[in-house]
Amino acid sequence: MLEAPPTHAQLLTGAGAVVEAMRQIDPDVVPVYPITPQTPMIESFSKLVADGRAGAEVINVESEHSAMSAAIGSAMAGARTMTATSSQGLALMTEVVYVAASQRAPIVVALGNRALSGPINIHCDHSDSMLIRDSGVVQLFAESAQEVYDLMVMAPRVAEHPEVLVPVFICQDGFTVTHSAEAVTAIRDEQVAAFVGDYRIPHPLLDHANPTSQGTFAMPDHYFELKFGEVRAMRAALEVIPEVAAELSAITGRAITMIEPYELDDAERAVVVLGSTAGTIKDVIDELRAEGEKVGLLRICSFRPFPREAVRAALGGIESVVVLDRSLSPGGTPALYADVARVLSPTPASVQGCVFGLGGRELDPAGVRDAFDRARRPAPGELSYIGLRQ
Amino acid sequence: MTPEDRTLGGTVVRDDAVRNRTGGWRTGVKPTANLDRCVNCKLCWVFCPDSAVLVSDGVFQGFDYDVCKGCEICAEMCPVDAIDMVAEATPLPPKGVTRGA
């Protein structure tokens, strides 16, 4: 039975949005291991393959370490490769994520963000993403299932761009987005196929006419330059992501941006955040604006590469900024706070950090008001905690 | 092309490859072949884990000591005992082949 092309809205979870995009992209190889809250992605995609509605080779590997190892092999062989994971799965995968980035393997990974053990917890925070912060991969954070879909369609184009060629992680908040159904509008299958195009990499391992050695040992005379290649890839990604986003926006009619300012133009106080928490914050901003308070939000979609100039421009002139991190750096500086503070230094603005929402603890509207209240008191360099019993 | 482009991901393309003379890692013994016994089955070439067995136009030519590690697999695989392992210091022709019983 032929199905109508899904140009209308469908009711999809964030995980479902990943699966719909994967069905349309039709990757060649998907090595994957199940883990909450990613499991519905691979469960549903495997069913599509079993039912003959997707053509990928799904490899049921024995661990996430193996999943990423298989992904490198297949991506470098010349096959478009995707995988998905969460939390401990990403932790186990991390050793090989660094290898994938350095070997310049354009693998697309759907990540359902979940707190790292211990104590063991299955709910959302961003500690898994921050574990691979410096691995050399692109990390784009979605606010909604719709944005998950759009970013997933973009991801192969970003990863496989000849100037980029690193893994691209599409991050979504575990359960809050992965398991919450909302209206998602896809573009047509043939539009996605035309948009992503054929998989091309400079040196496919299976190109027998042009043999290469890959994954080679690098001594002190080469290691530094090879690592710097990842810096260059990220610089290129800063240019490539907006280009690909604009191209997709022209098809979908939906804006996709590396940063999303909300009510920032005349704001005196602002918060900065990653992920779905932005939804709650926007609602509270609407309330506070109605009460006459000049407050705003900067949501960061592109965490890596971090769009420093755009963030500086968006937050320039705001008197007091509170950066909300959903991960911890015991004894140090949470990741988003560190990035924003560096960007705004040495402006006269006050930048302080607040950690919230670890292990799935909700940031409710009262918590958001609390964050904006803290911004009333300039406290440059201060780090505090919202929603913590202490 | 910049140096950085050439080393994208550490990939070594053919034109950039340097022939490393890794035979210095050899473990103290080296292979030698008696061409009067050799039946040219090329099992040594098939099983050599490096590229130390030289074959030209389908005919066994001897060994490349620049890459041979002295693992002895060729000698083990040879079905007619044409390959012997000898001490590193033993003088041999460049490709290590001899004739005669």
# chains A, B, ... in the order shown; residues from 1 in each chain; ligands from 1
>>> closest_atom_pairs(of="chain A", to="chain B", cutoff="8 Å", atoms="only C-alpha atoms", output="JSON lines")
{"residue": "A:Ser102", "atom": "CA", "partner": "B:Gly9", "partner_atom": "CA", "distance": 5.4}
{"residue": "A:Gln103", "atom": "CA", "partner": "B:Gly9", "partner_atom": "CA", "distance": 4.2}
{"residue": "A:Arg104", "atom": "CA", "partner": "B:Gly9", "partner_atom": "CA", "distance": 5.2}
{"residue": "A:Asn210", "atom": "CA", "partner": "B:Arg14", "partner_atom": "CA", "distance": 7.1}
{"residue": "A:Pro211", "atom": "CA", "partner": "B:Arg14", "partner_atom": "CA", "distance": 6.5}
{"residue": "A:Thr212", "atom": "CA", "partner": "B:Val13", "partner_atom": "CA", "distance": 4.7}
{"residue": "A:Ser213", "atom": "CA", "partner": "B:Val12", "partner_atom": "CA", "distance": 5.0}
{"residue": "A:Gln214", "atom": "CA", "partner": "B:Thr11", "partner_atom": "CA", "distance": 4.6}
{"residue": "A:Gly215", "atom": "CA", "partner": "B:Gly10", "partner_atom": "CA", "distance": 6.4}
{"residue": "A:Thr216", "atom": "CA", "partner": "B:Gly10", "partner_atom": "CA", "distance": 6.1}
{"residue": "A:Ala218", "atom": "CA", "partner": "B:Gly10", "partner_atom": "CA", "distance": 7.6}
{"residue": "A:Glu225", "atom": "CA", "partner": "B:Glu4", "partner_atom": "CA", "distance": 6.8}
{"residue": "A:Leu226", "atom": "CA", "partner": "B:Gly9", "partner_atom": "CA", "distance": 6.5}
{"residue": "A:Gly229", "atom": "CA", "partner": "B:Glu4", "partner_atom": "CA", "distance": 6.6}
>>> write_last_selection(atoms="N, CA and C atoms", output="CSV table (one decimal), in the first residue's frame")
chain,number,residue,atom,x,y,z
A,102,SER,N,38.8,12.5,14.9
A,102,SER,CA,40.2,12.7,14.4
A,102,SER,C,40.4,12.0,13.0
A,103,GLN,N,39.7,10.9,12.8
A,103,GLN,CA,39.8,10.3,11.5
A,103,GLN,C,38.9,10.9,10.5
A,104,ARG,N,38.1,11.9,10.9
A,104,ARG,CA,37.2,12.7,10.1
A,104,ARG,C,36.2,11.9,9.4
A,210,ASN,N,42.6,3.7,-5.7
A,210,ASN,CA,43.3,4.8,-5.0
A,210,ASN,C,43.5,4.4,-3.5
A,211,PRO,N,44.4,3.4,-3.2
A,211,PRO,CA,44.5,2.9,-1.9
A,211,PRO,C,45.1,3.9,-0.9
A,212,THR,N,44.6,3.9,0.3
A,212,THR,CA,45.1,4.8,1.4
A,212,THR,C,45.3,4.0,2.7
A,213,SER,N,46.2,4.6,3.5
A,213,SER,CA,46.3,4.1,4.9
A,213,SER,C,45.5,5.0,5.8
A,214,GLN,N,44.7,4.5,6.6
A,214,GLN,CA,43.9,5.4,7.5
A,214,GLN,C,44.0,4.9,9.0
A,215,GLY,N,43.7,5.9,9.9
A,215,GLY,CA,43.9,5.6,11.3
A,215,GLY,C,45.3,5.3,11.7
A,216,THR,N,46.2,6.0,11.0
A,216,THR,CA,47.6,5.8,11.2
A,216,THR,C,48.1,6.4,12.6
A,218,ALA,N,50.3,8.6,14.9
A,218,ALA,CA,50.9,9.9,14.7
A,218,ALA,C,51.9,10.3,15.9
A,225,GLU,N,49.3,18.8,14.6
A,225,GLU,CA,48.7,19.3,13.3
A,225,GLU,C,47.4,18.6,13.0
A,226,LEU,N,47.4,17.3,13.3
A,226,LEU,CA,46.2,16.5,13.0
A,226,LEU,C,45.1,16.9,14.0
A,229,GLY,N,43.6,20.1,12.8
A,229,GLY,CA,42.6,19.8,11.7
A,229,GLY,C,41.2,19.8,12.2
>>> residues_around(residues="Leu140 (chain A)", least_positions_apart="4", cutoff="9 Å", atoms="only C-alpha atoms", output="ChimeraX atom specification")
/A:151,168-172,258,300-305
>>> write_last_selection(atoms="C-alpha atoms", output="PDB file, in the first residue's frame")
ATOM      1  CA  LEU A 151      18.447  19.162  12.329  1.00  0.00           C
ATOM      2  CA  VAL A 168      27.494  15.473  13.946  1.00  0.00           C
ATOM      3  CA  PHE A 169      25.452  14.834  17.095  1.00  0.00           C
ATOM      4  CA  ILE A 170      21.811  15.944  17.108  1.00  0.00           C
ATOM      5  CA  CYS A 171      20.976  16.322  20.798  1.00  0.00           C
ATOM      6  CA  GLN A 172      17.523  16.279  22.336  1.00  0.00           C
ATOM      7  CA  MET A 258      22.657  28.460  15.412  1.00  0.00           C
ATOM      8  CA  ILE A 300      22.113  28.052  21.927  1.00  0.00           C
ATOM      9  CA  CYS A 301      21.411  25.450  19.235  1.00  0.00           C
ATOM     10  CA  SER A 302      24.996  25.036  18.023  1.00  0.00           C
ATOM     11  CA  PHE A 303      26.967  24.197  21.157  1.00  0.00           C
ATOM     12  CA  ARG A 304      29.915  22.856  19.115  1.00  0.00           C
ATOM     13  CA  PRO A 305      31.015  24.766  17.166  1.00  0.00           C
TER      14      PRO A 305
END
>>> residues_around(residues="Ile35 (chain A)", least_positions_apart="2", cutoff="7 Å", atoms="only C-alpha atoms", output="number ranges by chain")
A: 33, 37-39, 85-86, 89
>>> residues_around(residues="Arg21 (chain B)", least_positions_apart="2", cutoff="12 Å", atoms="only C-alpha atoms", output="list in words")
Val18, Arg19, Gly23, Gly24, Trp25, Arg26, Asp50, Ser51, Ala52, Asp64, Tyr65, Asp66, Val67, Cys68 and Lys69 of chain B
>>> residues_around(residues="region 15-21 of chain A", least_positions_apart="2", cutoff="7 Å", atoms="only C-alpha atoms", output="ChimeraX atom specification")
/A:12-13,23-25,40-41,44-45,145,148-149,152-153,178-179
>>> write_last_selection(atoms="C-alpha atoms", output="compact mmCIF listing (two decimals), in the first residue's frame")
# COMPACT_ATOMS: atom_id res chain seq x y z
CA LEU A 12 5.69 12.39 16.52
CA THR A 13 7.91 12.17 19.56
CA ARG A 23 13.72 6.72 6.95
CA GLN A 24 13.87 9.59 4.47
CA ILE A 25 17.67 9.97 4.50
CA PRO A 40 12.55 3.92 20.70
CA MET A 41 14.69 5.40 17.92
CA SER A 44 11.28 1.87 15.43
CA PHE A 45 13.97 2.22 12.79
CA ALA A 145 10.67 17.32 18.06
CA VAL A 148 15.01 17.45 15.90
CA TYR A 149 13.56 16.53 12.51
CA MET A 152 18.52 15.46 11.47
CA VAL A 153 17.81 16.26 7.81
CA THR A 178 12.46 11.97 23.01
CA HIS A 179 9.18 10.67 24.46
>>> select_by_dssp(residues="region 75-300 of chain A", states="helix (DSSP H, G or I)", output="ChimeraX atom specification")
/A:75-77,87-102,127-131,145-160,189-196,223-252,277-290
>>> write_last_selection(atoms="C-alpha atoms", output="PDB file, in the first residue's frame")
ATOM      1  CA  ALA A  75      31.696   5.618   7.146  1.00  0.00           C
ATOM      2  CA  MET A  76      35.309   5.453   5.961  1.00  0.00           C
ATOM      3  CA  ALA A  77      34.556   2.523   3.659  1.00  0.00           C
ATOM      4  CA  SER A  87      24.174   8.648  28.633  1.00  0.00           C
ATOM      5  CA  GLN A  88      26.172   5.540  29.604  1.00  0.00           C
ATOM      6  CA  GLY A  89      26.080   4.436  25.988  1.00  0.00           C
ATOM      7  CA  LEU A  90      27.818   7.643  24.986  1.00  0.00           C
ATOM      8  CA  ALA A  91      30.199   7.255  27.909  1.00  0.00           C
ATOM      9  CA  LEU A  92      31.184   3.805  26.676  1.00  0.00           C
ATOM     10  CA  MET A  93      31.389   5.173  23.121  1.00  0.00           C
ATOM     11  CA  THR A  94      33.496   8.181  24.066  1.00  0.00           C
ATOM     12  CA  GLU A  95      36.899   6.629  23.475  1.00  0.00           C
ATOM     13  CA  VAL A  96      35.891   5.920  19.891  1.00  0.00           C
ATOM     14  CA  VAL A  97      34.054   9.238  19.382  1.00  0.00           C
ATOM     15  CA  TYR A  98      37.439  10.951  19.672  1.00  0.00           C
ATOM     16  CA  VAL A  99      38.812   8.560  17.062  1.00  0.00           C
ATOM     17  CA  ALA A 100      35.865   9.208  14.723  1.00  0.00           C
ATOM     18  CA  ALA A 101      36.459  12.950  14.943  1.00  0.00           C
ATOM     19  CA  SER A 102      40.193  12.717  14.395  1.00  0.00           C
ATOM     20  CA  SER A 127      26.287  15.608  31.326  1.00  0.00           C
ATOM     21  CA  ASP A 128      26.588  13.039  28.515  1.00  0.00           C
ATOM     22  CA  SER A 129      27.002  15.765  25.882  1.00  0.00           C
ATOM     23  CA  MET A 130      29.537  17.567  28.052  1.00  0.00           C
ATOM     24  CA  LEU A 131      31.561  14.373  28.386  1.00  0.00           C
ATOM     25  CA  ALA A 145      10.675  17.319  18.060  1.00  0.00           C
ATOM     26  CA  GLN A 146      10.177  19.548  15.004  1.00  0.00           C
ATOM     27  CA  GLU A 147      13.648  20.976  15.413  1.00  0.00           C
ATOM     28  CA  VAL A 148      15.010  17.451  15.898  1.00  0.00           C
ATOM     29  CA  TYR A 149      13.561  16.527  12.507  1.00  0.00           C
ATOM     30  CA  ASP A 150      14.989  19.594  10.785  1.00  0.00           C
ATOM     31  CA  LEU A 151      18.447  19.162  12.329  1.00  0.00           C
ATOM     32  CA  MET A 152      18.517  15.456  11.467  1.00  0.00           C
ATOM     33  CA  VAL A 153      17.805  16.263   7.814  1.00  0.00           C
ATOM     34  CA  MET A 154      20.602  18.855   7.891  1.00  0.00           C
ATOM     35  CA  ALA A 155      23.081  16.655   9.726  1.00  0.00           C
ATOM     36  CA  PRO A 156      24.458  14.561   6.827  1.00  0.00           C
ATOM     37  CA  ARG A 157      25.056  17.702   4.781  1.00  0.00           C
ATOM     38  CA  VAL A 158      27.020  19.297   7.611  1.00  0.00           C
ATOM     39  CA  ALA A 159      28.954  16.137   8.521  1.00  0.00           C
ATOM     40  CA  GLU A 160      29.861  15.274   4.924  1.00  0.00           C
ATOM     41  CA  ASP A 189      10.784  11.830   0.823  1.00  0.00           C
ATOM     42  CA  GLU A 190      12.120  12.948  -2.550  1.00  0.00           C
ATOM     43  CA  GLN A 191      12.876  16.407  -1.181  1.00  0.00           C
ATOM     44  CA  VAL A 192      14.990  14.887   1.591  1.00  0.00           C
ATOM     45  CA  ALA A 193      16.724  12.545  -0.872  1.00  0.00           C
ATOM     46  CA  ALA A 194      17.583  15.478  -3.134  1.00  0.00           C
ATOM     47  CA  PHE A 195      18.628  17.618  -0.171  1.00  0.00           C
ATOM     48  CA  VAL A 196      21.083  15.127   1.340  1.00  0.00           C
ATOM     49  CA  TYR A 223      49.863  14.738  16.241  1.00  0.00           C
ATOM     50  CA  PHE A 224      49.447  18.457  16.986  1.00  0.00           C
ATOM     51  CA  GLU A 225      48.711  19.338  13.336  1.00  0.00           C
ATOM     52  CA  LEU A 226      46.194  16.509  13.027  1.00  0.00           C
ATOM     53  CA  LYS A 227      44.374  17.688  16.150  1.00  0.00           C
ATOM     54  CA  PHE A 228      44.429  21.235  14.763  1.00  0.00           C
ATOM     55  CA  GLY A 229      42.625  19.833  11.725  1.00  0.00           C
ATOM     56  CA  GLU A 230      39.623  19.386  14.022  1.00  0.00           C
ATOM     57  CA  VAL A 231      39.807  23.068  14.968  1.00  0.00           C
ATOM     58  CA  ARG A 232      39.745  23.945  11.274  1.00  0.00           C
ATOM     59  CA  ALA A 233      36.780  21.612  10.786  1.00  0.00           C
ATOM     60  CA  MET A 234      34.873  23.440  13.515  1.00  0.00           C
ATOM     61  CA  ARG A 235      35.722  26.826  12.006  1.00  0.00           C
ATOM     62  CA  ALA A 236      34.365  25.567   8.696  1.00  0.00           C
ATOM     63  CA  ALA A 237      31.260  24.181  10.403  1.00  0.00           C
ATOM     64  CA  LEU A 238      30.522  27.684  11.716  1.00  0.00           C
ATOM     65  CA  GLU A 239      30.067  28.742   8.090  1.00  0.00           C
ATOM     66  CA  VAL A 240      28.570  25.516   6.748  1.00  0.00           C
ATOM     67  CA  ILE A 241      25.789  25.054   9.328  1.00  0.00           C
ATOM     68  CA  PRO A 242      24.034  28.382   8.534  1.00  0.00           C
ATOM     69  CA  GLU A 243      24.395  27.724   4.786  1.00  0.00           C
ATOM     70  CA  VAL A 244      22.811  24.274   5.034  1.00  0.00           C
ATOM     71  CA  ALA A 245      20.166  25.624   7.421  1.00  0.00           C
ATOM     72  CA  ALA A 246      19.236  28.397   5.013  1.00  0.00           C
ATOM     73  CA  GLU A 247      18.921  25.907   2.184  1.00  0.00           C
ATOM     74  CA  LEU A 248      16.626  23.684   4.245  1.00  0.00           C
ATOM     75  CA  SER A 249      14.656  26.663   5.549  1.00  0.00           C
ATOM     76  CA  ALA A 250      13.914  27.644   1.958  1.00  0.00           C
ATOM     77  CA  ILE A 251      12.193  24.261   1.550  1.00  0.00           C
ATOM     78  CA  THR A 252      10.462  23.989   4.928  1.00  0.00           C
ATOM     79  CA  THR A 277      14.105  24.208  28.815  1.00  0.00           C
ATOM     80  CA  ALA A 278      13.930  27.191  26.441  1.00  0.00           C
ATOM     81  CA  GLY A 279      10.217  26.446  25.971  1.00  0.00           C
ATOM     82  CA  THR A 280       9.405  27.039  29.637  1.00  0.00           C
ATOM     83  CA  ILE A 281      11.643  30.086  29.701  1.00  0.00           C
ATOM     84  CA  LYS A 282       9.868  31.672  26.720  1.00  0.00           C
ATOM     85  CA  ASP A 283       6.502  31.270  28.476  1.00  0.00           C
ATOM     86  CA  VAL A 284       7.860  32.898  31.634  1.00  0.00           C
ATOM     87  CA  ILE A 285       9.407  35.717  29.592  1.00  0.00           C
ATOM     88  CA  ASP A 286       5.976  36.386  28.080  1.00  0.00           C
ATOM     89  CA  GLU A 287       4.540  36.649  31.612  1.00  0.00           C
ATOM     90  CA  LEU A 288       7.368  38.843  32.876  1.00  0.00           C
ATOM     91  CA  ARG A 289       7.153  41.099  29.827  1.00  0.00           C
ATOM     92  CA  ALA A 290       3.429  41.519  30.541  1.00  0.00           C
TER      93      ALA A 290
END
>>> atom_distance(atom1="CA of Pro378 (chain A)", atom2="CA of Arg269 (chain A)")
9.8 Å
>>> residues_around(residues="Met77 (chain B)", least_positions_apart="5", cutoff="9 Å", atoms="only C-alpha atoms", output="PyMOL selection string")
chain B and resi 43-44+47+72
>>> select_by_dssp(residues="chain B", states="strand (DSSP E)", output="list in words")
Val12, Val13, Val29, Lys30, Pro31, Thr32, Ala33, Asn34, Val53, Leu54, Val55, Ser56, Val59, Phe60, Gln61, Gly62, Phe63, Ile83, Asp84, Met85, Val86, Ala87, Val97 and Thr98 of chain B
